[in-house]
Amino acid sequence: MSRFVRYTRSWQISTKLTIMYASVIALLLGITCAATVVWMYFVIYHQAEMEMNFSIKRAMEKMNDPVYMAQTDSEKMEDIPDEILMPGVVLRVEDSKGNIVYDNDRHFIPVPDLRKNIVETRNFWSTDKYELVRLKHFMIYYHEIPVEYNGDRYTLCFSRVITAERLMFAQIQVGILIGAIIGILLVVIIVYLGIKRAFRPIRSFIRIAKSIEVSDLSARMEVPPSHDEMTELATTFNRMLDRLEDGFRQQCRFVSDASHELRTPVTVIKGYADLLNRWGKEDEEILQEGITAIKSESEDMQELIEKLLFLARADQNRQIVNKTSLNLDELIDDVFKKMQVMAANHDVKLLRNEKGVIFGDKVIMKQFFRVFLENAMKYTPAGGTISIDSHAMPGYMCVEIADSGIGIAKEDKEKVFERFYRVDSSRTKAAGQPGGTGLGLSIARWIADNHDIGISLESELGKGTKFILMIPVMEG
């Protein structure tokens, strides 16, 4: 049994569905055929019972009617049944000696033969009111009623054929059985072909899915013209492939850009290490230059690695965010004071710093503001202006961070939030600041999304940049 169960598990879904549907239809068809046969027999037996009931009732009424009985004495006896018996009901009158004194159908089966073939076993659709006589080709209801008339005892013997066409019914049953079997086979074939046809798009999906390689996600499912579940499946699968392909491209670009970003400081460090190994031991100036360069590049590499780890945790939903109520004015004041120290060559201003309570992670929100301020510092030449303006609006605190730097072209405004994207690496040099990694604004976008912060950007080449941050305030 267990082997059979394991074997059935390997069947195709189309085969399982065919067997299931065929079984259900076969069961329904079998029940219908059986119910039809039972109903036919029941109708015939019930009709015979009703005719017997009516004939017996009328006969007994006439027997108890003196006027009627007196009238029949002067008439022909054979005219009596026309008034009291239903068509098909046979009446014999037997006297006390067993002689038949009246018989309305002399060709019908004799009373002794009827009594001899009475059966005890009955079908559930036959009535218990009458005896059941079973002969070779038909069934008969039989009933005897003893009566007394003019001092003599008589027996009224009523008979009614139930299934004179019993042989025909047997043939009908065989025909129904054969028809049911043929019907079930046709159903199995039609259902199997229909399910095979319905599953054809799925087999096509499987074939295409097997042909898709990780390095090539360009293959797409063919969307069926019909608007059904298969169309929805194909559309959903293609959208999933689109997302996977975009994600794969971003991953490849991410790895490539990260490798490039790490290669530069590693190359510099290796170069200065070789320089120090050759001449730095005797030349104090070269030694100091090498140490300074190696330290600077190590710090840049450490910053890059920390940002990469932050984004990796964010992508895997492992970046911990502990949100609490924060006084935004205190947070901005702290960030502003540290920026003044870092941007000693710039004019850093705090225009407004209105009070407001927000809901966020203190450490991450500080990092959020530092991203925009450090970005402004990097791309603003020495002597330029960097300003912070925080003021209250209905439901929000609006924080504007502006600079007088080199600005961003219109076509690059949306791209600046992509990882490793830098509009022009030469602009950093123009600002006289160390190069960026192109990850800061990506981190800021993630922080904004996790704090429901809206970010908009206003910038023009040569005229500076302004980031407008809409931060929801806590109610109450």
# chains A, B, ... in the order shown; residues from 1 in each chain; ligands from 1
$ select_by_dssp --residues "segment 127-334 of chain A" --states "strand (DSSP E or B)" --output "VMD selection string"
chain A and resid 131 to 134 139 to 149 152 to 161 213 216 324 to 327
$ residues_around --residues "segment 88-100 of chain A" --least-positions-apart "3" --cutoff "12 Å" --atoms "only C-alpha atoms" --output "VMD selection string"
chain A and resid 47 to 56 59 77 to 78 80 to 82 84 to 85 103 to 112 114 140 to 149 151 to 164
$ residues_around --residues "Asp242 of chain A" --least-positions-apart "2" --cutoff "12 Å" --atoms "only C-alpha atoms" --output "list in words"
Asp216, Leu217, Ser218, Ala219, Arg220, Met221, Thr235, Thr236, Phe237, Asn238, Arg239, Met240, Leu244, Glu245, Asp246, Gly247, Phe248 and Arg249 of chain A
$ atom_distance --atom1 "atom CA of Met40 of chain A" --atom2 "atom CA of Gln171 of chain A"
13.4 Å
$ residues_around --residues "Lys355 of chain A" --least-positions-apart "4" --cutoff "9 Å" --atoms "only C-alpha atoms" --output "NGL selection string"
:A and (327-330 or 390-392 or 397)
$ residues_around --residues "Leu326 of chain A" --least-positions-apart "6" --cutoff "12 Å" --atoms "only C-alpha atoms" --output "MDAnalysis selection string"
chainID A and resid 332 355:366 471:474
$ select_by_dssp --residues "segment 184-425 of chain A" --states "helix (DSSP H, G or I)" --output "ChimeraX atom specification"
/A:184-198,200-211,229-280,284-315,328-342,362-378,410-412,415-417,425
$ atom_distance --atom1 "atom CA of Ala35 of chain A" --atom2 "atom CA of Gly183 of chain A"
16.6 Å
